[in-house]
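The next block holds one structure in the form of C-alpha coordinates; read it before the comments.
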Amino acid sequence: MESQRITEYERKRLENIKRNDELLASLKIHSKLADLSASTKRHREQTKSYRISPQKKAKSETPAVIRRSLRTQGKKPDSPGLTDDFNETPKKQTSPKSQVTPDKSARELKPLSMRDVSVSSEPDEPLVKKILSLSVSKQSPSKGPKKAIGFRIRASIDLDSMELMPENIARVVPGRILSVKFFPSTDIRMVVVGNKFGDLGFWNVDSETEDSDGIYMYRPHPAPISSICIQPFSMNKITTCCYHGLIRSLDVNKEIFDLTYTTEDAIYSMSQRPDDVNSLYFGEGRGVVCVWDERSKSSSSSWNLHDSRINSIDFNPENTNLMATSSSDGTACIWDLRKVGRKSNPNSLKEITRDRAVHSAYFSPSGSHLATTSHDDKIGVLSGANYDDEFLLYHYNQTGRWLSSFKGVWGWDDSYVFVGNMKRGVDVISTEKNRIVTTLESPHVTAIPCRFDAHPFKVGMLAGATSGGQVYIWS
DNA sequence: GCGATCATTATTAAG
DNA sequence: CTTAATCCATGATCGC
(Lines give C-alpha, C1' and ligand atoms only; values in the text may rest on other atoms or scores of the structure.)
Protein backbone atom coordinates (compact mmCIF):
# COMPACT_ATOMS: atom_id res chain seq x y z
CA MET A 1 0.00 0.00 0.00
CA GLU A 2 2.56 2.47 1.18
CA SER A 3 5.15 1.45 -1.37
CA GLN A 4 2.59 1.63 -4.15
CA ARG A 5 1.80 5.19 -3.25
CA ILE A 6 5.45 6.06 -3.31
CA THR A 7 6.05 4.51 -6.70
CA GLU A 8 3.03 6.31 -8.05
CA TYR A 9 4.37 9.54 -6.68
CA GLU A 10 7.83 8.74 -7.98
CA ARG A 11 6.46 8.01 -11.44
CA LYS A 12 4.66 11.32 -11.58
CA ARG A 13 7.73 13.13 -10.38
CA LEU A 14 9.93 11.58 -13.06
CA GLU A 15 7.32 12.40 -15.65
CA ASN A 16 7.37 15.98 -14.49
CA ILE A 17 11.12 16.17 -14.60
CA LYS A 18 11.17 14.78 -18.12
CA ARG A 19 8.54 17.24 -19.26
CA ASN A 20 10.41 20.11 -17.68
CA ASP A 21 13.65 19.03 -19.33
CA GLU A 22 11.99 19.03 -22.71
CA LEU A 23 10.47 22.39 -22.05
CA LEU A 24 13.79 23.69 -20.94
CA ALA A 25 15.53 22.49 -24.07
CA SER A 26 12.93 24.10 -26.28
CA LEU A 27 13.23 27.35 -24.37
CA LYS A 28 16.98 27.47 -24.25
CA ILE A 29 17.32 29.86 -27.12
CA HIS A 30 14.59 32.08 -25.77
CA SER A 31 16.07 32.27 -22.33
CA LYS A 32 19.47 33.17 -23.76
CA LEU A 33 17.88 35.98 -25.68
CA ALA A 34 16.08 37.13 -22.58
CA ASP A 35 19.32 37.08 -20.65
CA LEU A 36 20.99 39.17 -23.28
CA SER A 37 18.32 41.84 -23.36
CA ALA A 38 18.14 41.91 -19.61
CA SER A 39 21.85 42.39 -19.21
CA THR A 40 21.82 45.49 -21.35
CA LYS A 41 19.52 47.31 -18.97
CA ARG A 42 20.21 45.58 -15.72
CA HIS A 43 20.34 48.49 -13.37
CA ARG A 44 19.64 46.67 -10.13
CA GLU A 45 16.27 47.86 -8.97
CA GLN A 46 15.11 47.54 -5.43
CA THR A 47 17.87 49.71 -4.13
CA LYS A 48 16.04 50.80 -1.02
CA SER A 49 15.60 48.22 1.67
CA TYR A 50 15.50 47.85 5.40
CA ARG A 51 18.77 46.90 7.04
CA ILE A 52 18.83 44.70 10.08
CA SER A 53 21.30 45.57 12.78
CA PRO A 54 23.78 42.72 13.25
CA GLN A 55 23.20 42.33 17.01
CA LYS A 56 19.48 41.91 16.61
CA LYS A 57 19.52 39.78 13.55
CA ALA A 58 19.09 36.62 15.59
CA LYS A 59 15.65 37.57 16.75
CA SER A 60 14.18 38.49 13.42
CA GLU A 61 11.94 35.49 13.36
CA THR A 62 9.56 34.47 16.05
CA PRO A 63 6.37 32.45 15.78
CA ALA A 64 3.26 34.56 15.49
CA VAL A 65 0.69 33.53 18.01
CA ILE A 66 -2.95 34.29 17.68
CA ARG A 67 -4.47 35.15 20.97
CA ARG A 68 -7.73 33.53 21.75
CA SER A 69 -9.48 33.76 25.04
CA LEU A 70 -10.06 30.58 26.95
CA ARG A 71 -13.73 31.26 26.53
CA THR A 72 -13.55 31.15 22.74
CA GLN A 73 -11.25 28.16 22.88
CA GLY A 74 -13.84 26.42 24.97
CA LYS A 75 -11.36 25.78 27.75
CA LYS A 76 -11.86 26.27 31.43
CA PRO A 77 -10.43 29.56 32.67
CA ASP A 78 -7.68 27.88 34.65
CA SER A 79 -6.68 25.23 32.20
CA PRO A 80 -2.96 25.29 31.51
CA GLY A 81 -1.18 26.46 28.42
CA LEU A 82 -2.53 29.94 27.97
CA THR A 83 0.62 31.97 27.70
CA ASP A 84 3.00 29.40 26.39
CA ASP A 85 0.90 27.30 24.10
CA PHE A 86 3.26 28.13 21.25
CA ASN A 87 6.06 26.46 23.16
CA GLU A 88 4.11 23.35 23.89
CA THR A 89 3.79 22.37 20.28
CA PRO A 90 7.27 22.88 18.96
CA LYS A 91 7.48 22.78 15.23
CA LYS A 92 9.46 20.15 13.50
CA GLN A 93 13.02 21.34 13.28
CA THR A 94 13.20 21.41 9.54
CA SER A 95 16.30 23.49 9.36
CA PRO A 96 19.00 24.45 11.84
CA LYS A 97 18.43 28.15 11.28
CA SER A 98 15.15 28.11 13.15
CA GLN A 99 17.25 28.16 16.33
CA VAL A 100 16.61 31.83 16.85
CA THR A 101 16.45 33.46 20.20
CA PRO A 102 12.82 34.33 20.76
CA ASP A 103 12.00 37.99 20.98
CA LYS A 104 10.39 38.28 24.35
CA SER A 105 10.29 42.02 24.77
CA ALA A 106 7.43 42.63 22.33
CA ARG A 107 5.35 40.19 24.34
CA GLU A 108 5.96 41.84 27.67
CA LEU A 109 3.06 43.81 29.06
CA LYS A 110 4.92 47.02 29.72
CA PRO A 111 6.05 50.12 27.84
CA LEU A 112 8.97 49.52 25.49
CA SER A 113 11.58 52.03 24.49
CA MET A 114 12.14 52.62 20.79
CA ARG A 115 15.77 51.79 21.29
CA ASP A 116 15.04 48.41 22.87
CA VAL A 117 12.76 47.27 20.08
CA SER A 118 14.72 48.79 17.22
CA VAL A 119 15.49 46.17 14.60
CA SER A 120 17.10 48.29 11.91
CA SER A 121 20.67 49.45 11.94
CA GLU A 122 19.59 53.04 11.42
CA PRO A 123 20.02 55.40 14.35
CA ASP A 124 16.67 56.68 15.62
CA GLU A 125 17.59 60.36 15.81
CA PRO A 126 16.75 61.49 12.25
CA LEU A 127 13.33 59.84 12.40
CA VAL A 128 12.47 61.20 15.84
CA LYS A 129 13.62 64.69 14.86
CA LYS A 130 11.62 64.60 11.67
CA ILE A 131 8.39 63.50 13.34
CA LEU A 132 8.74 66.03 16.14
CA SER A 133 9.37 68.85 13.69
CA LEU A 134 6.15 67.96 11.90
CA SER A 135 4.15 67.90 15.06
CA VAL A 136 5.35 71.33 16.09
CA SER A 137 4.79 73.00 12.75
CA LYS A 138 1.35 71.55 12.36
CA GLN A 139 -0.01 72.57 15.72
CA SER A 140 -1.60 75.98 15.61
CA PRO A 141 -2.05 77.05 19.24
CA SER A 142 -3.70 80.32 18.28
CA LYS A 143 -6.73 78.70 16.78
CA GLY A 144 -7.48 76.10 19.40
CA PRO A 145 -8.86 72.68 18.59
CA LYS A 146 -10.05 72.54 15.04
CA LYS A 147 -12.92 70.47 13.93
CA ALA A 148 -11.40 67.46 12.30
CA ILE A 149 -14.50 66.56 10.32
CA GLY A 150 -13.66 66.09 6.70
CA PHE A 151 -10.04 66.80 7.38
CA ARG A 152 -8.71 65.32 4.23
CA ILE A 153 -8.32 66.80 0.80
CA ARG A 154 -11.16 66.31 -1.64
CA ALA A 155 -10.41 66.65 -5.31
CA SER A 156 -10.81 64.91 -8.59
CA ILE A 157 -7.81 63.35 -10.24
CA ASP A 158 -6.52 62.46 -13.64
CA LEU A 159 -5.88 58.72 -13.48
CA ASP A 160 -3.41 58.89 -16.34
CA SER A 161 -1.17 61.11 -14.30
CA MET A 162 -0.67 58.47 -11.64
CA GLU A 163 2.80 57.08 -12.10
CA LEU A 164 5.12 54.77 -10.24
CA MET A 165 8.68 56.02 -10.22
CA PRO A 166 11.44 53.50 -9.46
CA GLU A 167 12.75 55.69 -6.65
CA ASN A 168 9.37 55.45 -4.93
CA ILE A 169 9.77 51.75 -4.24
CA ALA A 170 11.29 50.28 -1.10
CA ARG A 171 11.35 47.13 0.94
CA VAL A 172 10.39 48.61 4.28
CA VAL A 173 9.99 45.44 6.36
CA PRO A 174 10.40 41.69 5.78
CA GLY A 175 7.37 39.51 5.19
CA ARG A 176 3.73 40.22 4.72
CA ILE A 177 2.39 43.72 5.28
CA LEU A 178 -1.08 43.98 6.82
CA SER A 179 -1.39 47.70 7.42
CA VAL A 180 -0.08 50.81 5.66
CA LYS A 181 -0.60 54.47 6.53
CA PHE A 182 0.65 57.80 5.25
CA PHE A 183 1.66 60.46 7.73
CA PRO A 184 -1.17 63.03 7.54
CA SER A 185 1.16 65.87 6.60
CA THR A 186 1.77 67.93 3.49
CA ASP A 187 5.35 68.57 4.53
CA ILE A 188 6.74 65.11 3.95
CA ARG A 189 6.07 61.80 2.33
CA MET A 190 6.30 59.25 5.08
CA VAL A 191 4.62 55.87 5.28
CA VAL A 192 4.27 53.54 8.22
CA VAL A 193 3.64 49.83 7.70
CA GLY A 194 2.95 46.92 10.00
CA ASN A 195 3.81 43.33 9.11
CA LYS A 196 3.03 39.76 10.09
CA PHE A 197 5.91 39.52 12.58
CA GLY A 198 4.85 42.60 14.51
CA ASP A 199 7.42 44.90 12.91
CA LEU A 200 6.56 48.54 12.44
CA GLY A 201 8.43 50.11 9.53
CA PHE A 202 8.85 53.80 8.76
CA TRP A 203 9.87 55.04 5.36
CA ASN A 204 10.71 58.69 4.93
CA VAL A 205 10.59 58.79 1.15
CA ASP A 206 12.38 62.11 0.78
CA SER A 207 15.29 61.34 3.04
CA GLU A 208 18.01 60.55 0.56
CA THR A 209 21.49 60.49 2.00
CA GLU A 210 24.69 58.58 1.32
CA ASP A 211 24.25 55.96 4.01
CA SER A 212 20.55 56.04 4.74
CA ASP A 213 17.48 55.03 2.80
CA GLY A 214 15.21 56.66 5.34
CA ILE A 215 13.92 53.28 6.51
CA TYR A 216 13.49 52.49 10.20
CA MET A 217 12.15 49.32 11.77
CA TYR A 218 10.90 48.42 15.24
CA ARG A 219 9.33 45.34 16.80
CA PRO A 220 6.74 46.62 19.30
CA HIS A 221 4.39 43.65 18.79
CA PRO A 222 4.79 39.87 18.91
CA ALA A 223 2.12 39.19 16.27
CA PRO A 224 0.65 40.66 13.06
CA ILE A 225 -0.05 44.40 13.25
CA SER A 226 -3.62 44.75 12.07
CA SER A 227 -4.08 48.53 12.13
CA ILE A 228 -2.18 51.80 12.47
CA CYS A 229 -3.70 55.11 13.57
CA ILE A 230 -1.78 58.38 13.42
CA GLN A 231 -3.19 61.33 15.33
CA PRO A 232 -3.99 63.96 12.72
CA PHE A 233 -2.93 66.94 14.84
CA SER A 234 -0.13 65.40 16.83
CA MET A 235 1.76 63.04 14.64
CA ASN A 236 4.10 62.15 17.44
CA LYS A 237 1.42 59.75 18.58
CA ILE A 238 1.05 56.55 16.57
CA THR A 239 -1.26 53.81 17.78
CA THR A 240 -0.99 50.19 16.65
CA CYS A 241 -2.85 47.00 17.46
CA CYS A 242 -2.07 43.35 16.85
CA TYR A 243 -3.38 39.80 16.74
CA HIS A 244 -1.85 39.15 20.14
CA GLY A 245 -4.41 41.45 21.73
CA LEU A 246 -2.18 44.44 22.43
CA ILE A 247 -2.70 48.07 21.60
CA ARG A 248 0.42 50.20 21.85
CA SER A 249 0.84 53.91 21.39
CA LEU A 250 4.16 55.27 20.27
CA ASP A 251 5.01 58.54 21.97
CA VAL A 252 7.80 59.95 19.83
CA ASN A 253 8.59 62.61 22.41
CA LYS A 254 9.35 60.02 25.05
CA GLU A 255 10.61 57.54 22.42
CA ILE A 256 8.44 54.89 24.01
CA PHE A 257 5.87 52.42 22.75
CA ASP A 258 3.36 52.70 25.58
CA LEU A 259 0.98 49.90 26.43
CA THR A 260 -2.58 51.13 25.99
CA TYR A 261 -4.74 48.02 26.19
CA THR A 262 -4.44 44.25 26.46
CA THR A 263 -6.92 41.45 25.95
CA GLU A 264 -6.91 37.70 25.59
CA ASP A 265 -8.53 38.00 22.19
CA ALA A 266 -7.01 38.95 18.87
CA ILE A 267 -7.54 42.51 17.65
CA TYR A 268 -8.24 42.48 13.93
CA SER A 269 -9.18 46.09 13.24
CA MET A 270 -9.01 49.55 14.76
CA SER A 271 -10.15 53.03 13.86
CA GLN A 272 -10.33 56.46 15.34
CA ARG A 273 -13.39 58.65 15.23
CA PRO A 274 -12.18 61.59 13.14
CA ASP A 275 -13.67 64.22 15.45
CA ASP A 276 -12.56 62.63 18.70
CA VAL A 277 -8.85 62.06 19.15
CA ASN A 278 -9.46 60.51 22.56
CA SER A 279 -11.48 57.61 21.26
CA LEU A 280 -10.30 54.34 19.85
CA TYR A 281 -12.66 51.79 18.32
CA PHE A 282 -11.35 48.30 17.79
CA GLY A 283 -12.63 44.88 16.78
CA GLU A 284 -11.80 42.14 19.23
CA GLY A 285 -12.22 38.37 19.08
CA ARG A 286 -15.28 37.02 17.35
CA GLY A 287 -17.34 40.09 16.63
CA VAL A 288 -16.90 42.49 19.54
CA VAL A 289 -16.26 46.21 19.08
CA CYS A 290 -14.76 48.03 22.06
CA VAL A 291 -14.44 51.76 22.57
CA TRP A 292 -11.40 52.90 24.46
CA ASP A 293 -11.34 56.28 26.06
CA GLU A 294 -7.87 57.78 26.26
CA ARG A 295 -8.66 60.23 29.05
CA SER A 296 -10.23 57.82 31.49
CA LYS A 297 -7.92 55.03 30.28
CA SER A 298 -10.82 52.65 30.25
CA SER A 299 -13.15 50.92 27.87
CA SER A 300 -16.35 52.94 27.79
CA SER A 301 -18.43 50.62 25.61
CA SER A 302 -18.39 47.11 24.24
CA TRP A 303 -20.87 45.72 21.74
CA ASN A 304 -21.37 42.34 20.17
CA LEU A 305 -21.84 43.37 16.56
CA HIS A 306 -20.88 40.30 14.54
CA ASP A 307 -20.60 36.51 14.66
CA SER A 308 -17.01 36.41 13.50
CA ARG A 309 -13.90 38.54 13.33
CA ILE A 310 -14.32 42.18 12.39
CA ASN A 311 -12.04 43.02 9.50
CA SER A 312 -12.56 46.76 9.26
CA ILE A 313 -14.02 49.69 11.17
CA ASP A 314 -14.61 53.02 9.45
CA PHE A 315 -16.42 56.28 10.15
CA ASN A 316 -18.45 58.46 7.85
CA PRO A 317 -16.33 61.61 7.43
CA GLU A 318 -19.39 63.85 7.20
CA ASN A 319 -21.40 62.27 9.97
CA THR A 320 -19.10 60.63 12.46
CA ASN A 321 -22.03 59.04 14.26
CA LEU A 322 -22.13 56.55 11.44
CA MET A 323 -19.73 53.63 11.75
CA ALA A 324 -19.26 50.85 9.21
CA THR A 325 -18.00 47.39 10.11
CA SER A 326 -17.17 44.40 7.92
CA SER A 327 -16.87 40.87 9.20
CA SER A 328 -15.91 37.33 8.30
CA ASP A 329 -19.48 36.37 9.19
CA GLY A 330 -20.32 37.52 5.66
CA THR A 331 -21.93 40.85 6.51
CA ALA A 332 -21.11 44.53 6.54
CA CYS A 333 -23.12 46.90 8.70
CA ILE A 334 -23.64 50.61 9.26
CA TRP A 335 -24.33 51.63 12.85
CA ASP A 336 -25.71 54.87 14.22
CA LEU A 337 -23.71 55.36 17.40
CA ARG A 338 -26.46 57.59 18.84
CA LYS A 339 -28.83 54.66 18.69
CA VAL A 340 -26.44 51.89 19.62
CA GLY A 341 -26.33 53.10 23.21
CA ARG A 342 -25.47 50.64 25.92
CA LYS A 343 -27.17 47.57 24.53
CA SER A 344 -24.73 44.73 24.06
CA ASN A 345 -26.49 43.51 20.92
CA PRO A 346 -27.69 46.66 19.16
CA ASN A 347 -29.54 46.92 15.86
CA SER A 348 -27.78 48.14 12.78
CA LEU A 349 -28.96 50.93 10.51
CA LYS A 350 -28.10 48.90 7.45
CA GLU A 351 -26.82 45.40 6.85
CA ILE A 352 -25.62 43.83 3.64
CA THR A 353 -24.97 40.13 3.25
CA ARG A 354 -22.37 38.41 1.10
CA ASP A 355 -21.73 34.74 0.42
CA ARG A 356 -18.35 34.88 2.11
CA ALA A 357 -16.26 36.95 4.50
CA VAL A 358 -16.32 40.72 3.97
CA HIS A 359 -12.84 42.15 4.27
CA SER A 360 -13.56 45.83 4.21
CA ALA A 361 -16.33 48.41 4.22
CA TYR A 362 -15.14 51.98 3.74
CA PHE A 363 -17.06 55.26 3.43
CA SER A 364 -16.25 57.47 0.48
CA PRO A 365 -14.69 60.90 1.15
CA SER A 366 -18.10 62.60 1.13
CA GLY A 367 -19.64 59.79 3.14
CA SER A 368 -22.38 59.17 0.62
CA HIS A 369 -21.01 55.82 -0.62
CA LEU A 370 -19.78 52.67 1.07
CA ALA A 371 -17.39 50.31 -0.72
CA THR A 372 -17.14 46.66 0.33
CA THR A 373 -14.64 44.00 -0.69
CA SER A 374 -15.54 40.37 -0.01
CA HIS A 375 -14.18 36.88 -0.38
CA ASP A 376 -17.02 35.86 -2.70
CA ASP A 377 -15.26 37.86 -5.44
CA LYS A 378 -17.39 40.97 -5.20
CA ILE A 379 -16.77 44.66 -4.88
CA GLY A 380 -19.94 46.40 -3.74
CA VAL A 381 -20.73 50.11 -3.68
CA LEU A 382 -23.70 51.33 -1.66
CA SER A 383 -25.13 54.78 -2.27
CA GLY A 384 -28.35 56.79 -2.24
CA ALA A 385 -30.69 57.58 0.60
CA ASN A 386 -30.03 55.23 3.52
CA TYR A 387 -27.48 53.45 1.33
CA ASP A 388 -30.27 51.54 -0.34
CA ASP A 389 -28.78 51.57 -3.84
CA GLU A 390 -26.12 49.02 -4.55
CA PHE A 391 -24.04 47.88 -7.45
CA LEU A 392 -21.98 44.73 -7.41
CA LEU A 393 -18.95 44.10 -9.53
CA TYR A 394 -17.16 40.82 -10.04
CA HIS A 395 -13.59 41.07 -8.86
CA TYR A 396 -11.34 38.07 -8.24
CA ASN A 397 -10.37 38.25 -4.57
CA GLN A 398 -8.89 34.80 -3.89
CA THR A 399 -5.67 35.99 -2.34
CA GLY A 400 -5.03 32.66 -0.64
CA ARG A 401 -2.89 32.01 2.34
CA TRP A 402 0.26 33.95 1.62
CA LEU A 403 -1.23 37.29 0.67
CA SER A 404 -3.15 39.76 2.75
CA SER A 405 -6.75 40.02 1.60
CA PHE A 406 -7.69 42.76 -0.84
CA LYS A 407 -9.44 45.83 0.55
CA GLY A 408 -10.77 48.38 -1.91
CA VAL A 409 -9.96 51.95 -0.79
CA TRP A 410 -11.31 55.30 -1.93
CA GLY A 411 -9.27 57.91 -3.71
CA TRP A 412 -9.78 61.63 -3.15
CA ASP A 413 -13.41 61.93 -4.17
CA ASP A 414 -16.40 59.65 -4.58
CA SER A 415 -15.57 58.60 -8.12
CA TYR A 416 -12.89 55.90 -7.76
CA VAL A 417 -12.12 52.83 -5.69
CA PHE A 418 -8.63 51.32 -5.85
CA VAL A 419 -8.08 47.61 -5.33
CA GLY A 420 -5.19 45.22 -6.03
CA ASN A 421 -5.48 42.31 -8.44
CA MET A 422 -3.68 38.98 -8.72
CA LYS A 423 -1.74 40.17 -11.77
CA ARG A 424 0.24 42.74 -9.80
CA GLY A 425 -1.91 45.62 -10.94
CA VAL A 426 -4.20 48.09 -9.22
CA ASP A 427 -7.74 48.07 -10.57
CA VAL A 428 -9.49 51.42 -10.55
CA ILE A 429 -13.27 51.16 -10.31
CA SER A 430 -15.41 54.07 -11.40
CA THR A 431 -18.55 54.52 -9.32
CA GLU A 432 -20.17 56.41 -12.20
CA LYS A 433 -19.53 53.77 -14.82
CA ASN A 434 -19.80 50.86 -12.41
CA ARG A 435 -16.82 49.10 -13.89
CA ILE A 436 -13.03 48.96 -13.87
CA VAL A 437 -11.96 51.91 -15.97
CA THR A 438 -8.23 51.39 -15.77
CA THR A 439 -5.53 49.34 -14.11
CA LEU A 440 -2.32 50.79 -12.76
CA GLU A 441 0.50 48.59 -13.97
CA SER A 442 4.24 48.85 -14.01
CA PRO A 443 7.19 46.58 -14.73
CA HIS A 444 8.68 47.81 -11.46
CA VAL A 445 5.95 46.07 -9.51
CA THR A 446 7.41 42.66 -8.63
CA ALA A 447 4.76 41.49 -6.17
CA ILE A 448 1.03 41.86 -5.63
CA PRO A 449 0.02 45.01 -3.76
CA CYS A 450 -2.74 44.04 -1.32
CA ARG A 451 -3.14 46.90 1.13
CA PHE A 452 -3.43 50.58 0.21
CA ASP A 453 -3.61 54.05 1.66
CA ALA A 454 -4.49 57.23 -0.19
CA HIS A 455 -2.53 60.23 1.03
CA PRO A 456 -5.00 62.45 2.90
CA PHE A 457 -3.55 65.69 1.51
CA LYS A 458 -1.63 64.83 -1.63
CA VAL A 459 -4.09 64.13 -4.39
CA GLY A 460 -3.10 61.20 -6.55
CA MET A 461 -0.57 59.80 -4.10
CA LEU A 462 -1.34 56.20 -3.35
CA ALA A 463 0.71 53.73 -1.30
CA GLY A 464 0.44 50.02 -2.02
CA ALA A 465 1.97 47.35 0.22
CA THR A 466 2.83 43.75 -0.67
CA SER A 467 3.25 40.44 1.07
CA GLY A 468 6.99 40.71 0.60
CA GLY A 469 7.39 43.88 2.59
CA GLN A 470 7.59 46.29 -0.32
CA VAL A 471 5.82 49.61 -0.56
CA TYR A 472 5.02 51.29 -3.88
CA ILE A 473 4.03 54.92 -4.05
CA TRP A 474 2.15 56.12 -7.09
CA SER A 475 1.94 59.87 -7.52
C1' DG B 1 -22.79 23.02 15.65
C1' DC B 2 -17.72 21.92 16.20
C1' DG B 3 -12.98 20.17 15.57
C1' DA B 4 -9.68 18.11 12.61
C1' DT B 5 -7.66 17.91 8.19
C1' DC B 6 -6.52 19.32 3.67
C1' DA B 7 -5.96 22.15 -0.54
C1' DT B 8 -5.09 26.46 -2.33
C1' DT B 9 -2.03 30.50 -3.28
C1' DA B 10 2.77 33.97 -3.96
C1' DT B 11 7.20 35.42 -2.49
C1' DT B 12 11.67 35.07 -1.40
C1' DA B 13 15.90 33.62 0.88
C1' DA B 14 18.88 30.13 0.38
C1' DG B 15 21.24 26.64 -2.29
C1' DC C 1 18.54 29.99 -11.77
C1' DT C 2 16.07 26.79 -9.14
C1' DT C 3 13.69 25.37 -5.21
C1' DA C 4 12.38 24.77 -0.50
C1' DA C 5 10.11 26.94 3.17
C1' DT C 6 6.62 29.74 4.53
C1' DC C 7 2.38 28.18 8.46
C1' DC C 8 -3.06 30.65 11.77
C1' DA C 9 -6.64 32.60 5.74
C1' DT C 10 -10.38 30.49 4.25
C1' DG C 11 -13.62 27.12 2.81
C1' DA C 12 -14.76 22.44 1.83
C1' DT C 13 -15.31 18.06 3.60
C1' DC C 14 -15.83 14.52 6.92
C1' DG C 15 -16.74 12.45 11.37
C1' DC C 16 -18.81 13.07 15.68
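Simple scheme: letters A, B, ... for chains in C-alpha coordinates order, numbers from 1 for residues in each chain, numbers from 1 for ligands in the order shown.
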Next item on the list: Find the residues of chain B in contact range of chain A, meaning any atom within 7 Å when counting only C-alpha atoms (C1' of nucleotides), and list them as a ChimeraX atom specification.
Entry: /B:8-11
Near DA4 in chain B, within 12 Å and counting only C-alpha atoms (C1' of nucleotides), which residues show up once chain neighbours fewer than 2 positions away are dropped, as a JSON list (two decimals) with N, CA, C and O atoms (P, O5', C5', C4', C3', O3' and C1' of nucleotides), in the first residue's frame?
[["chain", "number", "residue", "atom", "x", "y", "z"],
["B", 2, "DC", "P", -20.51, 26.22, 17.33],
["B", 2, "DC", "O5'", -19.46, 25.03, 17.31],
["B", 2, "DC", "C5'", -19.44, 24.08, 18.38],
["B", 2, "DC", "C4'", -18.34, 23.07, 18.11],
["B", 2, "DC", "C3'", -17.05, 23.72, 17.59],
["B", 2, "DC", "O3'", -15.96, 23.36, 18.40],
["B", 2, "DC", "C1'", -17.72, 21.92, 16.20],
["B", 6, "DC", "P", -4.27, 15.84, 6.67],
["B", 6, "DC", "O5'", -4.71, 16.41, 5.25],
["B", 6, "DC", "C5'", -5.95, 16.01, 4.67],
["B", 6, "DC", "C4'", -6.35, 17.00, 3.60],
["B", 6, "DC", "C3'", -5.18, 17.59, 2.82],
["B", 6, "DC", "O3'", -5.48, 17.58, 1.44],
["B", 6, "DC", "C1'", -6.52, 19.32, 3.67],
["C", 13, "DT", "P", -17.29, 20.23, -0.76],
["C", 13, "DT", "O5'", -16.70, 18.92, -0.09],
["C", 13, "DT", "C5'", -15.29, 18.77, 0.12],
["C", 13, "DT", "C4'", -15.05, 17.86, 1.31],
["C", 13, "DT", "C3'", -16.26, 17.01, 1.71],
["C", 13, "DT", "O3'", -15.89, 15.65, 1.76],
["C", 13, "DT", "C1'", -15.31, 18.06, 3.60],
["C", 14, "DC", "P", -16.95, 14.51, 1.84],
["C", 14, "DC", "O5'", -16.53, 13.82, 3.22],
["C", 14, "DC", "C5'", -15.14, 13.67, 3.55],
["C", 14, "DC", "C4'", -15.01, 13.43, 5.04],
["C", 14, "DC", "C3'", -16.11, 12.54, 5.63],
["C", 14, "DC", "O3'", -15.51, 11.47, 6.35],
["C", 14, "DC", "C1'", -15.83, 14.52, 6.92],
["C", 15, "DG", "P", -16.38, 10.26, 6.79],
["C", 15, "DG", "O5'", -16.23, 10.34, 8.38],
["C", 15, "DG", "C5'", -14.96, 10.65, 8.97],
["C", 15, "DG", "C4'", -15.16, 10.98, 10.43],
["C", 15, "DG", "C3'", -16.24, 10.15, 11.13],
["C", 15, "DG", "O3'", -15.77, 9.74, 12.41],
["C", 15, "DG", "C1'", -16.74, 12.45, 11.37],
["C", 16, "DC", "P", -16.57, 8.74, 13.26],
["C", 16, "DC", "O5'", -17.26, 9.64, 14.36],
["C", 16, "DC", "C5'", -16.44, 10.36, 15.31],
["C", 16, "DC", "C4'", -17.28, 11.39, 16.02],
["C", 16, "DC", "C3'", -18.58, 10.86, 16.61],
["C", 16, "DC", "O3'", -18.40, 10.55, 18.01],
["C", 16, "DC", "C1'", -18.81, 13.07, 15.68]]
At a cut-off of 10 Å, list the chain C residues touching chain A, using only C-alpha atoms (C1' of nucleotides), as a CSV table (one decimal) with N, CA, C and O atoms (P, O5', C5', C4', C3', O3' and C1' of nucleotides), in the first residue's frame.
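Generated file (out-v9.csv):
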chain,number,residue,atom,x,y,z
C,5,DA,P,12.7,22.5,3.1
C,5,DA,O5',12.0,23.8,3.7
C,5,DA,C5',12.9,24.9,3.9
C,5,DA,C4',12.0,26.1,4.2
C,5,DA,C3',10.8,25.8,5.1
C,5,DA,O3',10.8,26.8,6.2
C,5,DA,C1',10.1,26.9,3.2
C,6,DT,P,9.8,26.7,7.4
C,6,DT,O5',8.8,27.9,7.0
C,6,DT,C5',9.3,29.2,6.9
C,6,DT,C4',8.2,30.0,6.2
C,6,DT,C3',6.8,30.0,6.9
C,6,DT,O3',6.5,31.3,7.3
C,6,DT,C1',6.6,29.7,4.5
C,7,DC,P,6.0,31.5,8.7
C,7,DC,O5',4.4,31.3,8.6
C,7,DC,C5',3.8,31.1,7.4
C,7,DC,C4',2.4,30.4,7.7
C,7,DC,C3',2.0,30.5,9.1
C,7,DC,O3',0.7,31.0,9.2
C,7,DC,C1',2.4,28.2,8.5
C,8,DC,P,0.5,32.4,9.7
C,8,DC,O5',-1.0,32.6,9.3
C,8,DC,C5',-1.9,31.7,8.7
C,8,DC,C4',-3.1,31.6,9.6
C,8,DC,C3',-3.2,32.8,10.7
C,8,DC,O3',-4.5,33.2,10.7
C,8,DC,C1',-3.1,30.6,11.8
C,9,DA,P,-4.9,34.4,10.2
C,9,DA,O5',-5.2,34.0,8.7
C,9,DA,C5',-4.9,34.8,7.6
C,9,DA,C4',-5.9,34.7,6.5
C,9,DA,C3',-7.4,34.5,7.0
C,9,DA,O3',-8.3,35.1,6.2
C,9,DA,C1',-6.6,32.6,5.7
C,10,DT,P,-9.7,35.3,6.7
C,10,DT,O5',-10.5,34.1,5.9
C,10,DT,C5',-10.4,34.1,4.5
C,10,DT,C4',-10.8,32.7,4.0
C,10,DT,C3',-12.1,32.1,4.6
C,10,DT,O3',-13.1,32.3,3.7
C,10,DT,C1',-10.4,30.5,4.2
C,11,DG,P,-14.6,31.9,4.0
C,11,DG,O5',-14.6,30.5,3.2
C,11,DG,C5',-14.2,30.4,1.9
C,11,DG,C4',-14.2,28.9,1.5
C,11,DG,C3',-15.4,28.2,1.8
C,11,DG,O3',-15.7,27.2,0.8
C,11,DG,C1',-13.6,27.1,2.8
Notebook entry, point to check: Which parts of range 98-262 of chain A does DSSP call strand (DSSP E or B) when run on the backbone here, written out as a count of residues only?
Noted result: 60
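Between CA of Glu432 in chain A and CA of Gly384 in chain A lies a distance of 12.9 Å.
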Notebook entry, point to check: If you run DSSP on the backbone, which residues of range 322-456 of chain A are alpha helix (DSSP H), as an MDAnalysis selection string?
Noted result: chainID A and resid 337:340
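One finds CA of Ala266 in chain A at 17.8 Å from CA of Leu200 in chain A.
CA of Ser156 in chain A lies 18.5 Å from CA of Ile473 in chain A.
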